[in-house]
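Since the structure comes first, as structure tokens, the remarks are kept for the end.
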Amino acid sequence: QAKAEAARCMVCECLECVKKCAFMQHYQRYPRKYVREVYNNLSIAMGQHHANDMINTCALCGQCEAICPNGLDMREVFRAAREQMVDNKKMPPSAHEFALLDMDYSLSAASYLIAHEPGHTESAFLFFPGCQLPASEPELVKHLYDRLRLDHTGGVGLWLGCCGIMAQWGGERELFAKTAQRLRQDWEAMGGPQILSACPTCTATFEDQLQLPVTSIFELLADSPRTLAQPLDQDFILHHACGARHRPELKEDVRQVANASGIRLLADPVWDTEHPCCGYGGLLSYNDRALADEMTQEAARQLENTDHQPILTYCVNCRDRFLANGQEASLLLELLDHRSDQLSHRPPTFSERQENRSALKRALLEELWKITMEKEPELTLYLDEALEQKLEARHILKREIKQAIAQAELHQLKLLNPTNGHLTTSYRPGNVTFWVEYLPESDGFRLINAYTHRMQAVVSDHISEGRSQHE
């Protein structure tokens, strides 16, 4: 027993994980020091928690555990720290709120859908594309569902939503448990069909966390190969998703699908489970875009892509991360799609992601189930590219700006700048106050500027209420 306990004490000085992790390189620490700083940060009763940013920007990808000769998993250290911070109400409200609200939108009536195949009362299979594939490539989801219904009998239901992993990444154990319970109940109400997942992270979440029967769509494709519509005269470097890190069968299915379809793959770099993270995981891409970009660039470096070959991914988040960082990358499912000319092949903005999810649900209900989904009247918003980039960087959704303007126009809650005629209003739907500067333009409104803060503005008209200014 003494030997076993002594073996738990690691010197931790080989730094092999640091050499491959952009996160560890960024904060210039090594695991033993990270663990101590996390402990110290959690032990503070009063005072400033200096390690909050560090704790909340680990991608939770598991590469360090795969590299470490002693299996030290910093992912579990940081995830446990986030959970404790949430439980003790020490987690800053702004840390993961935007990502969790995006998850909430995926599970809201605007985007969420679970239904049997049209004309069926039961489902042998249930297609779950995940939350980000409908957000990035809604037309591809339509095409995949068409093919699944043609290839399989017994009914292929459709399940649009989110697996809830964002809640777990954010340390929100209670929220993740509630989400898991809801998903499990909805799955049971469908008769407990086999889930067909198009997302490696969703596949892992359903299998490991929710204990639901799930099959990767790539396993089905490996059993029924499909050739490309047109041959591709180029070689690809295969990038493995973090959700497949300890799933060799999924990686092999992907290789088989690519090879059978005629996609030429360069030899994988010498690794099995040590492949890098694209920078999306653990909510990193929401919390620190600059560090996420560093991780994406480090992943490209570890792919040994010295000849700048296009990267092949089977996770749409990975594809979008590489594209956003100037790397040529393609999603395996989009290359297999014979209607690929209808796909966007670009990383959408946060606003476009939500718009795509709701538009996909509305279109599928109308086309397949002949159900018209009521659409809220929307005002037209005009803005230039520079302002759009600012909104993206500051996590301001067009939907919230439109709501702010609609409220201002309906209730006349706006200020007029007499020098330029600009109108300004504030809107606080939750914990964040949105300030919007705008002008009426033709059939809509021109956005001049927008910003947010967490202070709450209280509007009071002392003059009309007959009170002095100092009351």
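Identifiers in the structure tokens: chain A, B, ... in order shown; residue index from 1 per chain; ligand index from 1 in order shown.
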Contact table segment 57-96 of chain A vs segment 26-47 of chain A, cut-off 8 Å, shortest pair per residue, only C-alpha atoms, as CSV:
residue,atom,partner,partner_atom,distance
A:Met74,CA,A:Pro31,CA,7.1
A:Val77,CA,A:Val35,CA,7.1
A:Phe78,CA,A:Val38,CA,7.7
A:Ala81,CA,A:Val38,CA,7.0
A:Gln84,CA,A:Leu42,CA,7.8
A:Met85,CA,A:Leu42,CA,7.3
For segment 154-168 of chain A, list every protein, DNA or RNA residue within 8 Å, evaluated using only C-alpha atoms, and leave out those in the same chain fewer than 3 positions away; present the list as a count of residues only. 40
In Å to one decimal, how far is atom CA of Glu392 of chain A from atom CA of Cys277 of chain A?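 Atom CA of Cys277 of chain A sits 22.3 Å away from atom CA of Glu392 of chain A.
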Can I get the residues of segment 80-189 of chain A within 12 Å of segment 449-461 of chain A, each with the closest pair of atoms and their distance in Å to one decimal, using only C-alpha atoms, sorted chain first then ascending number, as a tab-separated table?
residue	atom	partner	partner_atom	distance
A:Pro92	CA	A:Arg454	CA	11.8
A:Pro93	CA	A:Arg454	CA	9.7
A:Ser94	CA	A:Arg454	CA	8.9
Please write the residues from the selection above to a file, keeping C-alpha atoms, as an mmCIF file, in the first residue's frame.
data_model
loop_
_atom_site.group_PDB
_atom_site.id
_atom_site.type_symbol
_atom_site.label_atom_id
_atom_site.label_comp_id
_atom_site.auth_asym_id
_atom_site.auth_seq_id
_atom_site.Cartn_x
_atom_site.Cartn_y
_atom_site.Cartn_z
ATOM 1 C CA PRO A 92 -18.130 34.821 -12.815
ATOM 2 C CA PRO A 93 -21.579 35.209 -14.445
ATOM 3 C CA SER A 94 -19.965 36.272 -17.709
#
Can you pull out every residue within 10 Å of Pro276 of chain A, counting only C-alpha atoms, but drop anything in the same chain fewer than 4 positions away, and send it as number ranges by chain? A: 20-22, 61-64, 239-242, 245, 295-296, 298-303
Residue subset to file, keeping C-alpha atoms, as a compact mmCIF listing (two decimals), in the first residue's frame:
# COMPACT_ATOMS: atom_id res chain seq x y z
CA LYS A 20 2.05 20.16 -27.72
CA CYS A 21 -0.55 22.19 -25.83
CA ALA A 22 -1.03 25.81 -26.89
CA CYS A 61 -9.59 18.03 -25.02
CA GLY A 62 -7.69 15.29 -23.14
CA GLN A 63 -4.51 15.51 -25.21
CA CYS A 64 -2.41 15.98 -22.07
CA HIS A 239 -7.44 15.70 -38.54
CA HIS A 240 -9.07 13.64 -35.77
CA ALA A 241 -11.78 15.10 -33.55
CA CYS A 242 -11.29 15.19 -29.77
CA ARG A 245 -9.66 10.44 -29.05
CA MET A 295 -4.59 26.35 -30.44
CA THR A 296 -5.92 26.07 -34.00
CA GLU A 298 -0.74 24.74 -33.10
CA ALA A 299 -3.00 21.94 -34.34
CA ALA A 300 -2.12 22.79 -37.93
CA ARG A 301 1.57 22.75 -36.99
CA GLN A 302 1.26 19.32 -35.38
CA LEU A 303 -0.43 18.01 -38.51
Got a sec to tell me which of segment 302-425 of chain A DSSP assigns to alpha helix (DSSP H), as an MDAnalysis selection string? chainID A and resid 302 316:324 332:336 350:367 385:393 398:411
